[in-house]
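For reference, the structure is listed below as structure tokens.
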Amino acid sequence: MQMGPWQILLIAIVLLVLFGRGKVAGMMGEFGKGITAFKKGVSEGKEEIEKASAEAAKDVTPSEKDKV
């Protein structure tokens with residue numbers, strides 16, 4: 001089921017009537033902060049994984065005790 005612009009507008013009007021402009025603006029602000037925190041967490045996790053794989057790939061030479 002696809003929502004058209006009239007349905008979205010109707011939902012927005014109902015939300016404004018039920019919660020008021022200030023409450024809706026606050027919720028949208030919190031939603032934006034949540035999205036930002038999620039993106040930051042994903043990028044930090046990706047960097048951490050890349051660092052770990054780079055460290056594992058960096059040291060491939062055998063140690064002194066492993067040499068024959």
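By order in the structure tokens, chains are A, B, ...; within a chain, residues start at 1; ligands start at 1, following the order shown.
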Could you pull out all residues of range 1-63 of chain A with a DSSP call of alpha helix (DSSP H) and give them as a ChimeraX atom specification? /A:5-19,21-58
Taking C-alpha atoms for each residue, export the selection above as a PDB file, in the first residue's frame.
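Contents of the output file part.pdb:
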ATOM      1  CA  PRO A   5       0.723  13.255  -0.292  1.00  0.00           C
ATOM      2  CA  TRP A   6      -2.843  13.760   1.012  1.00  0.00           C
ATOM      3  CA  GLN A   7      -2.548  10.877   3.468  1.00  0.00           C
ATOM      4  CA  ILE A   8       0.798  12.170   4.756  1.00  0.00           C
ATOM      5  CA  LEU A   9      -0.654  15.674   5.132  1.00  0.00           C
ATOM      6  CA  LEU A  10      -3.651  14.298   7.050  1.00  0.00           C
ATOM      7  CA  ILE A  11      -1.376  12.362   9.418  1.00  0.00           C
ATOM      8  CA  ALA A  12       0.759  15.481   9.986  1.00  0.00           C
ATOM      9  CA  ILE A  13      -2.340  17.564  10.811  1.00  0.00           C
ATOM     10  CA  VAL A  14      -3.628  14.930  13.242  1.00  0.00           C
ATOM     11  CA  LEU A  15      -0.235  14.795  14.980  1.00  0.00           C
ATOM     12  CA  LEU A  16      -0.135  18.574  15.307  1.00  0.00           C
ATOM     13  CA  VAL A  17      -3.661  18.660  16.753  1.00  0.00           C
ATOM     14  CA  LEU A  18      -2.997  15.839  19.221  1.00  0.00           C
ATOM     15  CA  PHE A  19       0.459  16.818  20.457  1.00  0.00           C
ATOM     16  CA  ARG A  21       3.691  22.143  17.656  1.00  0.00           C
ATOM     17  CA  GLY A  22       6.245  22.225  20.483  1.00  0.00           C
ATOM     18  CA  LYS A  23       5.929  18.556  21.352  1.00  0.00           C
ATOM     19  CA  VAL A  24       6.176  17.451  17.694  1.00  0.00           C
ATOM     20  CA  ALA A  25       9.252  19.666  17.187  1.00  0.00           C
ATOM     21  CA  GLY A  26      10.862  18.144  20.290  1.00  0.00           C
ATOM     22  CA  MET A  27      10.151  14.614  19.076  1.00  0.00           C
ATOM     23  CA  MET A  28      11.643  15.380  15.662  1.00  0.00           C
ATOM     24  CA  GLY A  29      14.729  16.840  17.342  1.00  0.00           C
ATOM     25  CA  GLU A  30      15.188  13.693  19.402  1.00  0.00           C
ATOM     26  CA  PHE A  31      14.637  11.565  16.304  1.00  0.00           C
ATOM     27  CA  GLY A  32      17.369  13.512  14.485  1.00  0.00           C
ATOM     28  CA  LYS A  33      19.760  13.053  17.403  1.00  0.00           C
ATOM     29  CA  GLY A  34      19.047   9.325  17.376  1.00  0.00           C
ATOM     30  CA  ILE A  35      19.799   9.064  13.650  1.00  0.00           C
ATOM     31  CA  THR A  36      23.039  11.012  14.124  1.00  0.00           C
ATOM     32  CA  ALA A  37      24.126   8.796  17.029  1.00  0.00           C
ATOM     33  CA  PHE A  38      23.317   5.668  15.016  1.00  0.00           C
ATOM     34  CA  LYS A  39      25.394   6.837  12.035  1.00  0.00           C
ATOM     35  CA  LYS A  40      28.285   7.749  14.348  1.00  0.00           C
ATOM     36  CA  GLY A  41      28.153   4.319  15.995  1.00  0.00           C
ATOM     37  CA  VAL A  42      28.139   2.543  12.639  1.00  0.00           C
ATOM     38  CA  SER A  43      31.141   4.518  11.368  1.00  0.00           C
ATOM     39  CA  GLU A  44      33.069   3.971  14.624  1.00  0.00           C
ATOM     40  CA  GLY A  45      32.347   0.242  14.469  1.00  0.00           C
ATOM     41  CA  LYS A  46      33.524   0.099  10.878  1.00  0.00           C
ATOM     42  CA  GLU A  47      36.748   1.951  11.767  1.00  0.00           C
ATOM     43  CA  GLU A  48      37.352  -0.423  14.664  1.00  0.00           C
ATOM     44  CA  ILE A  49      36.964  -3.477  12.435  1.00  0.00           C
ATOM     45  CA  GLU A  50      39.267  -1.972   9.792  1.00  0.00           C
ATOM     46  CA  LYS A  51      41.907  -1.186  12.440  1.00  0.00           C
ATOM     47  CA  ALA A  52      41.775  -4.728  13.807  1.00  0.00           C
ATOM     48  CA  SER A  53      42.126  -6.273  10.367  1.00  0.00           C
ATOM     49  CA  ALA A  54      44.981  -3.869   9.508  1.00  0.00           C
ATOM     50  CA  GLU A  55      46.821  -4.821  12.706  1.00  0.00           C
ATOM     51  CA  ALA A  56      46.382  -8.525  11.974  1.00  0.00           C
ATOM     52  CA  ALA A  57      47.634  -8.093   8.411  1.00  0.00           C
ATOM     53  CA  LYS A  58      50.563  -5.873   9.440  1.00  0.00           C
TER      54      LYS A  58
END
